[in-house]
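Trainee: Quick one: the structure is below, and I'll ask about it shortly.
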Amino acid sequence: MSAVLDRSDARGDTRTVASANRPARRKPRASRDGLSVEWVKLELMRVAYATRGGFLAVRDPRAVLAWYLIASIAPWFTYSTTTLALLFVGAALAAVFARIGPLLLALFVIGMAGQGVWVLAMAWVFSGEADSIAGIVDFSLKVGAVSLVTMAAFVSLDPEKASDALLALRAPVFVGFAVNYGYRMLPVLVDEYHAIVDGHRVRSAPLRSRGFLGHRWLLRTARIAVHSFYPLMLNTALRTRTTVEMLETKGFGHATASEAVRKVRLAHLRFGAADVLLLVATVLAIALAFVLGSAFPVLG
Amino acid sequence: MTAAAIEVAGLAFRYPGADDESLRGVDLRIEAGDFVAVVGGNGSGKSTLCKTFNGLVPHFWDGDFAGEVRVFGEDTLESSVSALGRDVGYVAQDFGNQLVRPTVREDVAFAPINFGLEDWPARTEAALEALDLGPIADRFTWQLSGGQQHLTAIAGAIAVAPRVLIVDEPVAEVDPERADDVYRHLERLNREHGITIVVIEHHAEFVARYARSVVLMEDGRVRWHLPVREALGRARDLEAAHIPVPPVAALVRALDPDAPVPLTVEETLAWVGANAEVAPAAGTEAASVPESASDPAVERAVVASVRGARHSYRTVVGPRVPVLDGVDLDLRDGERVALVGGNGAGKSTLLSLLSGLLVPQAGTVVVDGVDTRASTPAALADHVALLGQRPGEMFLTDSVRGDVAMFPAGRGAPDADDLVDEVLDRFALRPFADRDGRLLSGGQQRRVTLAIGLAMRPKLLLLDEPTSSLDLRSRDDVVALLAALADRIRCVAVATHDMHLVAEWADRVVVLEAGRVAADLAPAELFDDPELLRRARLVPPQITEVGRGLGVRPLPLSLDELLERLVLRPVGAVA
Amino acid sequence: MSDTTTPTTSTTPTGSPRLRPVREPNTLTTPQKLMVLVLSMTLFGLSDLVAEVIPSFEVGPFEFEIAYFAFIPVVLAALFSPIWVAIGAPLGAIIFAELMLGDFSGLGEVEGYLQALVGIAVAGCLVRDPRNKAQLFWASIVFVAIDKVSSGLIDLVKVGVGIDPDTLEESDGLFQAVLVSETIELVLALVVTGILFGALPAMWLAPRLYGKIEPLLGMRPRDPQHPPRLIGTNGAPWWILAVVGLLVAVATGVLSQWEEFLGVEEGVTAFGAFEPDYIEEYGQSYVWVAIIVAVVALAVVVTVVAIASKRRKAKTAAIEARS
């Protein structure tokens with residue numbers, strides 16, 4: 001998404017003034033598929049709307065949330081490296097079969113790698129021993145497993161399911177709505193922010209040089225990022241007004257107070273045998289990991 | 001006497017923070033089963049009035065309120081918006097933002113579920129069925145075209161089976177053929193289901209064809225409420241409210257002020273056929289046919305050239321969708337080009353390619369001698385300016401002056417201050433120079449975007465739908481300003497659905513169809529080719545249709561051109 | 001058409017009838033609350049997404065980063081009802097940035113949410129006049145300070161709770177190390193998030209939006225004579241809610257992050273020279289303390305919610321009885 005802000009600032013605007021007369025030396029622009037703003041946006045949407053399917057996407061949303069709770073709490077109750085490694089592998093498999101997609105996977109791997117490098121560096125700087133390194137490995141496995149489980153669960157819940165699940169669990173109605181609406185507005189808002197930032201880049205004073213360590217570029221980018229919120233706030237206020245007017249017209253206020261409406265809305269939810277089976281299997285698998293962990297300890 | 005759907009008495013309202021009342025003493029009665037068009041200039045209070053019908057005013061808008069509004073006998077002040085929503089369906093003008101759920105089906109089901117109706121699945125299907133939305137029921141709402149979004153919003157409103165349906169500008173930003181679809185659907189709901197329909201409409205043509213009575217709002221009051229034929233007869237009142245009568249009515253009135261007001265092209269043809277005859281073209285031919293730019297004899301300098309451009313978009317689900325499929329196009333000096341075609345024909349993408357914001361996946365785009373692939377959007381801004389569809393995204397600062405000055409001042413133009421002053425004067429924007437562009441009316445906003453474009457001093461100016469959702473006066477204003485740009489800008493290209501703009505302004509029309517250039521011709525040629533019009537989902541202006549129906553050649557593009565060719569038969573000479 | 005009116009009858013000769021406000025000033029209808037909530041949610045959520053992708057700079061062990069665009073909630077809370085902005089903005093951050101990017105940390109989110117909620121609500125009430133730059137400056141600082149100081153305190157409490165009494169003497173160094181690192185982090189956060197991406201943009205933005213954005217939502221601009229007061233919706237003094245909120249934040253923080261802390265702990269083992277076999281008991285005692293604190297906190301929350309909903313029901317019943 002950083003492409004929103006620096007797609008061509010880094011190289012483009014330094015040349016703005018001269019480019020008409022001087023042939024550009026850098027590579028010509030191409031229409032890119034991967035790693036463009038458009039791609040990131042679409043990838044987010046695929047994630048948000050669970051379009052890839054997967055083993056959790058077909059389950060009752062309450063079962064998915066319960067599965068998430070079980071699977072994300074389990075790693076915290078063990079110090080066995082074996083158990084943690086097994087749980088991590090299990091979580092990774094769950095993520096793969098929940099079809100989390102390349103973007104989240106990349107973000108996850110980058111995050112894990114960054115964390116690993118940082119922690120190892122600290123251990124080296126403070127002359128850590130094998131024990132602290134073992135602790136770091138344990139910790140990374142735990143965090144990684146929980147992160148994978150989170151992604152697997154939330155990739156499988158589209159906004160409609162997520163808000164139904166929240167409603168079924170008696171969360172305040174506005175929370176369910178907020179989740180749903182947030183997902184719906186995201187592509188629109190990202191588009192609009194992108195358009196406004198583009199407008200700034202095209203129309204505001206071009207950058208003549210990047211400055212020391214690129215500080216001018218940094219300042220300009222930060223200024224555009226902030227200034228873009230002035231139009232965005234007003235435009236979003238206009239959108240919000242229409243949206244909430246329509247919510248009222250369509251009886252949303254009526255629905256928040258009514259138990260009958262809650263029943264009508266949740267009537268289609270079915271917590272079936274397959275859902276129970278999923279949860280039982282998950283608990284058994286976790287138990288097995290704990291048993292194996294105590295039977296075959298690694299690294300103490 | 002039939003039952004009243006809505007009764008308004010002594011209604012007045014002032015918005016929070018405003019100095020003047022938006023409504024100042026409205027009395028009105030709308031019968032159950034009526035099809036009412038509310039007309040009036042910008043700021044006459046039409047939208048505010050319609051928002052009192054379902055209680056948005058005063059329950060939603062903090063303001064000062066007086067008087068009484070009764071909906072089927074119920075006082076809106078005593079009720080709530082949610083409760084009124086059961087009887088009164090409301091479709092707002094801004095249709096993109098009124099869809100609150102991700103997919104079409106979920107959005108249509110939203111209201112029935114909220115009202116706790118257990119048969120909501122059946123109601124949802126019925127509403128989707130009624131508006132032929134079945135094929136797109138599972139699409140994401142933000143990916144729909146404007147017309148589809150609007151139909152979805154209407155389906156969502158009728159799914160609860162309201163007794164009154166209020167639609168604020170049903171056809172703004174909808175391509176001409178879909179506009180007729182929307183109105184035909186509304187008419188069916190009114191006739192077959194007995195739903196009282198209230199529309200706010202700028203286009204007198206639609207009022208004439210579909211409404212049964214007309215409410216004229218003026219300065220926060222109801223000027224009159226009359227049956228449609230009588231209402232359209234009061235041309236002076238309508239013109240005072242900036243609602244020009246339909247061109248067909250104006251035509252007949254110009255020929256015979258006492259003739260009955262025609263509501264459709266067919267009625268006009270019948271009357272004109274009976275009472276007037278076509279005079280032979282008397283040397284007006286050369287003047288009335290604009291010089292065709294595609295004429296090979298007139299070879300002018302090329303400003304922009306597109307060669308074999310292809311572009312496609314990825315979608316959330318499924319494969320790539322091609323938008324442009326091998327476009328070749330040259331834009332030349334002094335041309336006024338209109339890009340036309342149905343929703344999704346590739347007009348906006350072509351503009352983005354020409355502006356350099358996008359580069360084509362195959363082929364080349366060269367603007368003012370610069371290959372867009374070898375430059376950046378910021379550098380290309382010295383050559384080409386694109387004014388987008390939504391003015392809100394063009395307003396980056398907190399004042400009109402700031403927005404106009406942004407580009408020249410940013411580029412360090414030595415004459416920036418003078419230039420900005422000149423542009424502000426030219427577009428009559430001095431009075432608003434220190435206000436935020438967003439807070440101006442729709443017509444003023446368009447003027448500001450044109451001013452921003454002019455201050456960038458591009459060789460090529462590109463506009464996306466510059467006249468959508470404007471009242472007719474503001475539209476004429478924009479057309480006049482566009483015409484006046486010719487001295488400063490070498491070439492102007494406009495993507496539009498507005499066939500009046502095409503007829504009155506353009507001298508070259510490029511028809512896009514399924515990502516290819518289907519035709520490249522003069523406006524009069526376009527309107528004379530029914531097969532092409534049908535394929536590109538275009539509806540010619542009424543005057544042109546009347547001209548064609550009467551066999552007038554060359555085809556008239558304006559009322560004056562047609563009038564020149566018609567002669568009234570002496571009274572009593574009717575065969 | 002029997003209802004046709006003539007031009008003369010429809011206008012009131014004496015001018016407009018007497019206009020009156022429909023509601024008391026400073027009260028919000030449910031849709032208006034929803035509007036403020038939705039607006040702050042979407043804007044802060046989007047800004048959080050942007051802030052997440054702006055690269056951070058690491059100087060030694062300290063991250064020099066934009067934690068979030070603090071000016072967004074501050075400006076909104078200065079212009080609209082602070083409490084609804086406070087409820088909405090952090091919710092948006094969770095939904096947009098964390099849920100979607102798979103960065104959701106379950107219960108740990110509650111801690112951050114409550115800190116931000118209290119910070120935003122207090123900051124919003126500090127601004128009496130959104131055109132006053134000094135007030136905006138301090139509001140931004142206070143917001144970031146409440147958020148960061150409370151999270152720093154939570155970290156310290158975690159260390160305090162987690163330390164085995166037997167090893168108390170040896171752990172002085174750890175305490176100091178945590179204190180020093182938390183302080184430096186706080187100062188950095190105040191400068192980067194609080195001033196550069198908080199106070200300065202807020203001072204630029206809020207006066208520009210004042211009087212423009214409120215009418216768009218059908219509300220009256222804030223009256224400097226009648227600023228929102230630090231009093232809850234049910235008349236409960238605000239500071240009690242704030243303190244309870246922060247306490248709950250501490251409790252959930254302790255509960256959810258105890259193990260994360262363990263991980264950090266091991267990274268800085270060199271500071272404190274711990275015994276390797278200490279981890280086992282240390283972890284155990286820690287869980288129990290956390291669970292007890294959490295149960296108490298949960299009880300408090302449930303009680304507060306129950307009382308609030310009872311009052312609300314009573315109020316609704318009264319309104320229904322009247323109508």
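Following the order of the structure tokens, first chain is A, next is B, and so on, with residues numbered from 1 inside each chain and ligands from 1 in the order they appear.
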Please report as CSV every residue of region 52-123 of chain A lying within 12 Å of region 154-159 of chain A, along with the nearest atom pair and their distance in Å (one decimal), using only C-alpha atoms.
Mentor:
residue,atom,partner,partner_atom,distance
A:Arg52,CA,A:Ser156,CA,8.5
A:Gly53,CA,A:Ser156,CA,7.0
A:Gly54,CA,A:Ser156,CA,7.1
A:Phe55,CA,A:Ser156,CA,8.2
A:Leu56,CA,A:Ser156,CA,5.6
A:Ala57,CA,A:Ser156,CA,4.4
A:Val58,CA,A:Ser156,CA,8.1
A:Arg59,CA,A:Ser156,CA,8.8
A:Asp60,CA,A:Leu157,CA,9.5
A:Pro61,CA,A:Leu157,CA,6.8
A:Arg62,CA,A:Leu157,CA,10.0
A:Ala63,CA,A:Leu157,CA,10.9
A:Val64,CA,A:Leu157,CA,7.9
A:Leu65,CA,A:Phe154,CA,8.7
A:Trp67,CA,A:Phe154,CA,11.1
A:Tyr68,CA,A:Phe154,CA,8.8
A:Leu69,CA,A:Phe154,CA,11.9
A:Ala94,CA,A:Ser156,CA,11.0
A:Ala95,CA,A:Val155,CA,9.0
A:Val96,CA,A:Val155,CA,11.0
A:Phe97,CA,A:Ser156,CA,10.3
A:Ala98,CA,A:Ser156,CA,6.6
A:Arg99,CA,A:Val155,CA,7.8
A:Ile100,CA,A:Val155,CA,6.1
A:Gly101,CA,A:Val155,CA,9.0
A:Leu103,CA,A:Val155,CA,11.7
A:Leu104,CA,A:Val155,CA,9.4
A:Leu105,CA,A:Val155,CA,11.6
Trainee: Could the residues in this selection be saved with C-alpha atoms as a short mmCIF file (atom, residue, chain, number, x, y, z; two decimals), in the first residue's frame?
Mentor:
data_model
loop_
_atom_site.label_atom_id
_atom_site.label_comp_id
_atom_site.auth_asym_id
_atom_site.auth_seq_id
_atom_site.Cartn_x
_atom_site.Cartn_y
_atom_site.Cartn_z
CA ARG A 52 -11.34 -18.13 -2.19
CA GLY A 53 -13.44 -20.47 -0.09
CA GLY A 54 -11.60 -22.91 2.15
CA PHE A 55 -12.50 -25.36 4.89
CA LEU A 56 -13.60 -22.69 7.38
CA ALA A 57 -15.55 -20.55 4.92
CA VAL A 58 -18.29 -23.17 4.63
CA ARG A 59 -18.76 -23.54 8.40
CA ASP A 60 -21.20 -21.75 10.68
CA PRO A 61 -19.62 -18.41 11.66
CA ARG A 62 -20.06 -19.17 15.35
CA ALA A 63 -18.09 -22.38 14.88
CA VAL A 64 -15.35 -20.39 13.14
CA LEU A 65 -15.13 -17.98 16.06
CA TRP A 67 -12.39 -22.57 16.50
CA TYR A 68 -10.40 -19.35 16.52
CA LEU A 69 -10.68 -19.02 20.31
CA ALA A 94 -5.05 -24.43 8.60
CA ALA A 95 -3.96 -21.17 6.95
CA VAL A 96 -3.15 -22.96 3.71
CA PHE A 97 -6.46 -24.82 3.64
CA ALA A 98 -8.34 -21.66 4.56
CA ARG A 99 -6.67 -20.18 1.43
CA ILE A 100 -5.33 -16.98 2.92
CA GLY A 101 -3.78 -15.81 -0.35
CA LEU A 103 -0.68 -10.91 0.26
CA LEU A 104 -1.33 -12.00 3.83
CA LEU A 105 1.20 -14.80 3.52
#
Trainee: Show which residues sit within 10 Å of Ala204 (chain B), as a list in words. Count only C-alpha atoms, and ignore same-chain residues fewer than 5 positions away.
Mentor: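 Final neighbour list, sorted by chain and number: Ala37, Val39, Arg209, Ala211, Leu232, Leu238, Ile243, Pro244, Val245, Pro246, Pro247, Ala249, Leu263 and Leu472 of chain B.
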Trainee: Which residue out of C:Gly152, C:Pro90, C:Pro201, C:Pro31 has the minimum interatomic distance to chain B when only C-alpha atoms are used?
Mentor: C:Pro31
Trainee: Using the chain letters and numbers from this document, which residues of region 222-329 of chain B does DSSP assign to strand (DSSP E), as a ChimeraX atom specification?
Mentor: /B:222-227,276-278,302-313,321-329
Trainee: With only C-alpha atoms as the basis for distance, which of C:Tyr113, C:Phe143, C:Tyr68, C:Phe96 is at the shortest distance from chain A?
Mentor: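 Result for the nearest residue to chain A: C:Phe96.
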Trainee: Select residues of chain B: the criterion is any atom within 6 Å of an atom of chain C, counting only C-alpha atoms; output as a count of residues only.
Mentor: 14
Trainee: Please provide the set of residues having any atom within 10 Å of Asn97 (chain B), restricted to only C-alpha atoms, with same-chain residues fewer than 4 positions apart removed, written as a PyMOL selection string.
Mentor: (chain A and resi 185+188+236+238-244+246) or (chain B and resi 92-93+141-142+149+153)
Trainee: Would you please work out which residue, of A:Ser80, A:Thr51, A:Ser147, A:Ser72, is nearest to chain B when using only C-alpha atoms?
Mentor: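 The shortest atom-to-atom distance to chain B comes from A:Thr51.
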Trainee: Could you please select, counting only C-alpha atoms, the residues of chain B within 6 Å of chain A and state them as a PyMOL selection string?
Mentor: chain B and resi 81-82+85+97-98+102+111+114+116+316+359+361+373-374+376+378-379+393+396+406-407+410-411
Trainee: Name the residues in contact with Tyr210 (chain C) at a cut-off of 8 Å, using only C-alpha atoms, excluding same-chain residues fewer than 6 positions from it; report them as a list in words.
Mentor: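 Using only C-alpha atoms, the neighbours found are Leu79, Pro130, Arg131 and Pro221 of chain C.
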